[in-house]
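What follows is one structure encoded as structure tokens, with my remarks underneath.
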Amino acid sequence: MKLIIKVTALLTSADLKQTIILFFGMLLQGLTEVAGVASLAPFMAVVSNPDLMHQNQYLSSAYHYFGYTNDANFLVGLGVGTCIVLLFVNGYSAFVSWRITRFGQLQGHNISMRLLKSYLSQSYLFFLNRNTSDMGKNILSEVLRCVNGVILPTMYITSKLIISIFIIGFLFAINPFLAIISFVLIGGSYWIIFGLIKKRLNKIGVASTNVVRERFKIAHEAMSGIKDIKLYGSEGEFLHRFSTPSKANARYTIQSAVISTLPRYLMEMITFGGIISLIAFLIIKGGNIGNIIPIISVYVLASYRLLPALQQIYVGITRIKYNLPALNILIEDISLSKEGISSQQKNPQPISFNLDLQFQSLKFSYPNKESYVIDGLNLDIKSKTTVGLVGKTGSGKTTFIDIILGLLPITSGKIIVDGVEITQGNLSAWQKKLGYVPQSIYLTDDTIERNIAFAIQDDNIDTNRIIKVAQMAELDDFIQTLPGGYQTYVGERGVRLSGGQRQRIGIARALYRNPAVLVLDEATSSLDGITESVIMDTIHNLSHKKTIILIAHRLTTVKECEMIHIMDKGSISDSGTYDELMLRNVQFQKMSY
């Protein structure tokens, strides 16, 4: 029941309705399985005693109803009827199995989508405290493990349990004593075996979850740091790091598989040994061989149906026990969506920016930290001006930019745009007015066009707009020299482009949505002086057309700004033009060295 509660917690209401329909399908499957087992008894009874076709009331009625005049023909007809029943039983069982498999695999898709949605709905702070490879592992590996190791086994256990109950009930109706003995012997053996190994399964299941997480983490780090790995010849070290958890995962998987399959051979010996004992028992009691054969035939067919069902129940239970940690992870992370705050609101309150952007007494601290990263910051930025933010490392510049972008929620204070305070209700509208160019531009392994129109469906991409912003970013001339033009693939993370070209794509991407505010966070710090100068000329060409906020280490980057603000310990310590600050501010003078 605990397992069922956990599984249902992972399913939607629509999924639960499907499980109810499947449950009734399983009940019908149990009835058809009993019909299949029972259908063999009349045929075997007539084979062992042909006189029964006339002596038995039901067989005699069938004989005359279908107009038989020959006993051999009736026997053949009875055999064909038995085969038809078994064919229907097997066909329906295959249909139920297909429906269960289809349901389980679709759950893999649904749960992956819900889990990804749950992650994407979280605040930016959430991602600062979680490893991205761990989340990728959950979406791909743990969902697959949960589907194949928990959901599908639970469905199949339910199906096979229903079949087993119906078959055992049928055998009980034939001979209660033998049915009880069979159930206690076979079912009890499985129960004892599972009791002996369940703690081990739980232990290796938890350990497997940890080593799978480590495998994903190391593989992700190896691929992400391939340039440094190749430079320093560190391939062997990363292979060594990956080998330990990978080998451990293989070992745990082997143990789980062996534990799941070993009892089958013991159970086959017990079952067929029991059938032989049953034959001996009935003969010793003085049973007529003609009466014994039908009963034995039923028990043989029942065993043929029952033993795989019980084995699958056992295998399912061991798989669930081994994979239960994956289910717990998914339930916990999908439940995060209830707490998540998506930045994409359906009907955000409209907001305008024509006058100024004010920050009043801003304070911000990261969770579980006592000190403020932003501490009492006050600042006023006029619309369509270019301002610079400078300060030593750790002064809070990047954190402040993340607050401007609406990625970090302020602890206290106010952000006011044209007299309107930014709240959760209009945050999405404010973010639509922002363009952001970071120091490291993230590029997908896709075309230049799709990287500029980032995360926009092909049907909605404005080609003319793409060309226009590429021209504004002084990127169009370079693109025209490429054989594929705007359809040229940039490679993973833009590996086929230079640093300056990647930065220009970043600027074009930021401009594509026609933002009112353009925020550049150390956007040229990794470039050489000549390339930086060209990029800065591109940015300054946008002056007085948009509000530009520049964060920079090098003072040459902010030299042309109309106003420069120095940050220190999370607040603005001084403001002025480049020349004013160079005359009076010692800290600013030191930055020029």
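Quick note on naming: the chains in the structure tokens go A, B, ... in the order shown, residues restart at 1 in each chain, and ligands are numbered from 1 in order of appearance.
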(request) Within 8 Å of Leu377 in chain A, counting only C-alpha atoms, which residues show up once you throw out same-chain ones fewer than 5 positions away? Write them as a PyMOL selection string, please. (result) chain A and resi 359-363+570-572
(request) Using only C-alpha atoms, determine which residues lie at most 12 Å from range 415-431 of chain A, disregarding the query and same-chain residues fewer than 4 positions distant; provide the list as number ranges by chain. (result) A: 341-363, 377-383, 400, 402-411, 435-436, 510, 513-519
Could the residues in this selection be saved with N, CA and C atoms as a compact mmCIF listing (two decimals), in the first residue's frame?
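Below is the file that was written, again.txt:
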```txt
# COMPACT_ATOMS: atom_id res chain seq x y z
N ILE A 341 8.45 29.34 -9.02
CA ILE A 341 7.89 30.60 -9.52
C ILE A 341 8.38 30.77 -10.95
N SER A 342 7.51 30.64 -11.89
CA SER A 342 7.88 30.81 -13.29
C SER A 342 7.91 32.29 -13.65
N SER A 343 8.94 32.67 -14.42
CA SER A 343 9.03 34.07 -14.84
C SER A 343 8.09 34.37 -16.00
N GLN A 344 7.53 33.34 -16.60
CA GLN A 344 6.64 33.53 -17.75
C GLN A 344 5.18 33.58 -17.30
N GLN A 345 4.70 34.78 -17.00
CA GLN A 345 3.32 34.95 -16.57
C GLN A 345 2.44 35.16 -17.80
N LYS A 346 1.24 34.63 -17.75
CA LYS A 346 0.35 34.67 -18.92
C LYS A 346 -0.08 36.10 -19.27
N ASN A 347 -0.49 36.84 -18.26
CA ASN A 347 -0.97 38.21 -18.51
C ASN A 347 -0.26 39.18 -17.58
N PRO A 348 1.03 39.45 -17.85
CA PRO A 348 1.76 40.36 -16.96
C PRO A 348 1.23 41.78 -17.05
N GLN A 349 1.31 42.49 -15.92
CA GLN A 349 0.88 43.88 -15.91
C GLN A 349 1.84 44.69 -16.78
N PRO A 350 1.34 45.52 -17.68
CA PRO A 350 2.21 46.30 -18.57
C PRO A 350 3.05 47.30 -17.77
N ILE A 351 4.24 47.57 -18.30
CA ILE A 351 5.13 48.51 -17.62
C ILE A 351 5.89 49.30 -18.69
N SER A 352 6.16 50.58 -18.44
CA SER A 352 6.88 51.42 -19.39
C SER A 352 8.17 51.92 -18.76
N PHE A 353 9.15 52.26 -19.61
CA PHE A 353 10.41 52.81 -19.11
C PHE A 353 10.83 53.95 -20.03
N ASN A 354 10.43 55.16 -19.63
CA ASN A 354 10.75 56.36 -20.40
C ASN A 354 11.51 57.41 -19.58
N LEU A 355 11.50 57.25 -18.24
CA LEU A 355 12.08 58.28 -17.39
C LEU A 355 13.32 57.78 -16.66
N ASP A 356 13.09 56.99 -15.61
CA ASP A 356 14.26 56.53 -14.85
C ASP A 356 13.99 55.19 -14.16
N LEU A 357 15.12 54.56 -13.78
CA LEU A 357 15.12 53.29 -13.06
C LEU A 357 15.78 53.55 -11.71
N GLN A 358 15.00 53.36 -10.64
CA GLN A 358 15.48 53.71 -9.30
C GLN A 358 15.64 52.46 -8.43
N PHE A 359 16.72 52.44 -7.64
CA PHE A 359 16.96 51.39 -6.66
C PHE A 359 17.05 52.06 -5.30
N GLN A 360 16.14 51.71 -4.43
CA GLN A 360 16.04 52.39 -3.14
C GLN A 360 16.32 51.42 -1.99
N SER A 361 17.42 51.67 -1.29
CA SER A 361 17.79 50.91 -0.08
C SER A 361 17.77 49.39 -0.31
N LEU A 362 18.34 48.95 -1.42
CA LEU A 362 18.33 47.51 -1.75
C LEU A 362 19.21 46.73 -0.81
N LYS A 363 18.69 45.59 -0.38
CA LYS A 363 19.49 44.64 0.41
C LYS A 363 19.22 43.24 -0.13
N LEU A 377 21.88 49.63 -1.09
CA LEU A 377 22.26 50.25 -2.37
C LEU A 377 21.19 51.23 -2.85
N ASN A 378 21.60 52.44 -3.21
CA ASN A 378 20.71 53.44 -3.79
C ASN A 378 21.31 53.91 -5.12
N LEU A 379 20.48 53.96 -6.15
CA LEU A 379 20.97 54.33 -7.46
C LEU A 379 19.82 54.79 -8.34
N ASP A 380 20.10 55.78 -9.21
CA ASP A 380 19.09 56.27 -10.14
C ASP A 380 19.71 56.28 -11.54
N ILE A 381 19.11 55.54 -12.46
CA ILE A 381 19.62 55.45 -13.84
C ILE A 381 18.58 56.07 -14.77
N LYS A 382 18.99 57.09 -15.51
CA LYS A 382 18.07 57.77 -16.42
C LYS A 382 17.88 56.94 -17.69
N SER A 383 16.69 57.03 -18.25
CA SER A 383 16.38 56.29 -19.48
C SER A 383 17.27 56.75 -20.63
N PHE A 400 24.22 42.41 -8.26
CA PHE A 400 23.34 43.55 -8.53
C PHE A 400 22.72 43.44 -9.93
N ASP A 402 22.13 40.67 -11.52
CA ASP A 402 21.12 39.61 -11.45
C ASP A 402 19.82 40.11 -10.82
N ILE A 403 19.95 41.06 -9.90
CA ILE A 403 18.76 41.68 -9.31
C ILE A 403 18.05 42.54 -10.35
N ILE A 404 18.82 43.32 -11.12
CA ILE A 404 18.22 44.14 -12.18
C ILE A 404 17.47 43.26 -13.17
N LEU A 405 18.06 42.10 -13.49
CA LEU A 405 17.45 41.17 -14.45
C LEU A 405 16.25 40.42 -13.88
N GLY A 406 15.99 40.59 -12.59
CA GLY A 406 14.85 39.91 -11.97
C GLY A 406 15.13 38.46 -11.66
N LEU A 407 16.41 38.07 -11.64
CA LEU A 407 16.77 36.67 -11.37
C LEU A 407 16.91 36.39 -9.88
N LEU A 408 17.23 37.41 -9.11
CA LEU A 408 17.37 37.25 -7.66
C LEU A 408 16.36 38.16 -6.96
N PRO A 409 15.60 37.63 -6.02
CA PRO A 409 14.62 38.45 -5.29
C PRO A 409 15.30 39.25 -4.19
N ILE A 410 15.01 40.52 -4.11
CA ILE A 410 15.66 41.36 -3.09
C ILE A 410 15.13 41.01 -1.71
N THR A 411 16.00 41.14 -0.72
CA THR A 411 15.61 40.89 0.67
C THR A 411 14.77 42.04 1.20
N GLY A 435 17.66 43.22 -22.28
CA GLY A 435 18.56 42.42 -23.09
C GLY A 435 19.84 42.20 -22.31
N TYR A 436 20.40 40.99 -22.37
CA TYR A 436 21.53 40.65 -21.50
C TYR A 436 22.65 40.02 -22.32
N ALA A 510 20.59 39.66 -27.80
CA ALA A 510 20.01 40.59 -26.83
C ALA A 510 19.16 41.66 -27.53
N ARG A 513 15.00 41.02 -29.41
CA ARG A 513 13.70 41.28 -28.79
C ARG A 513 13.47 42.77 -28.55
N ASN A 514 14.35 43.60 -29.13
CA ASN A 514 14.22 45.05 -29.07
C ASN A 514 14.06 45.54 -27.62
N PRO A 515 15.05 45.27 -26.77
CA PRO A 515 14.92 45.66 -25.36
C PRO A 515 15.10 47.16 -25.15
N ALA A 516 14.53 47.65 -24.08
CA ALA A 516 14.72 49.06 -23.72
C ALA A 516 16.01 49.23 -22.95
N VAL A 517 16.43 48.15 -22.25
CA VAL A 517 17.64 48.19 -21.43
C VAL A 517 18.58 47.09 -21.90
N LEU A 518 19.83 47.44 -22.15
CA LEU A 518 20.84 46.47 -22.56
C LEU A 518 21.87 46.36 -21.44
N VAL A 519 21.99 45.16 -20.87
CA VAL A 519 22.89 44.93 -19.74
C VAL A 519 24.06 44.07 -20.23
```
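With CA of Lys117 in chain A on one side and CA of Met135 in chain A on the other, the separation reads 11.7 Å.
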(request) Determine which residues of range 489-582 of chain A DSSP labels as alpha helix (DSSP H) from the backbone of this structure, then write them out as a ChimeraX atom specification. (result) /A:499-512,529-540,555-558,578-582
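Relative to CA of Lys203 in chain A, CA of Ser256 in chain A is found at 10.8 Å.
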(request) Find the spatial neighbours of Asn148 in chain A, counting only C-alpha atoms, within a cut-off of 12 Å - ignore same-chain residues fewer than 5 positions away - and output them as a list in words. (result) Ile100, Thr101, Arg102, Phe103, Gly104, Gln105, Leu106, Gln107, Gly108, Ser141, Glu142, Val143, Pro153, Thr154, Met155, Tyr156, Val315, Gly316, Arg319, Ile320, Tyr322, Asn323, Leu324, Ala326 and Leu327 of chain A
(message) Measuring between only C-alpha atoms, which one of A:Leu125, A:Ile163, A:Ile139, A:Ile4 shows the shortest distance to Leu307 in chain A?
(response)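 Ranking A:Leu125, A:Ile163, A:Ile139, A:Ile4 by distance to Leu307 in chain A, first place goes to A:Ile163.
Pairwise distance (CA of Ile192 in chain A, CA of Lys321 in chain A) equals 15.5 Å.
Contact shell of Asp462 in chain A at 12 Å (only C-alpha atoms; same-chain neighbours under 5 positions omitted): Glu449, Arg450, Ile452, Ala453, Phe454, Ile456, Gln457, Ile467, Lys468, Val469, Tyr512 and Arg513 of chain A.
Of the residues under consideration (A:Val7, A:Ile218, A:Ile566, A:Ile317), A:Ile218 shows the shortest atom-to-atom contact distance to Phe238 in chain A when counting only C-alpha atoms.
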(request) Tell me which protein, DNA and RNA residues are within 9 Å of Gly30 in chain A, counting only C-alpha atoms, leaving out same-chain ones fewer than 3 positions away, and put them as a count of residues only. (result) 15
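Closest approach to Ile401 in chain A from the set A:Glu221, A:Asp574, A:Asp15, A:Glu522 is made by A:Glu522, with distances taken over only C-alpha atoms.
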If we count only C-alpha atoms, what is near range 58-74 of chain A at a cut-off of 9 Å, once residues fewer than 6 positions away on the same chain are taken out, given as a compact mmCIF listing (two decimals) with C-alpha atoms, in the first residue's frame?
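As written to disk, part.txt reads:
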```txt
# COMPACT_ATOMS: atom_id res chain seq x y z
CA PRO A 42 -12.91 -31.61 -20.74
CA PRO A 50 -14.18 -41.41 -24.57
CA LEU A 52 -17.64 -39.32 -21.09
```
(message) Nearest residue to His565 in chain A out of A:Met53, A:Ile461, A:Leu389, A:Ala508, using only C-alpha atoms?
(response)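 Smallest separation from His565 in chain A among the options: A:Leu389.
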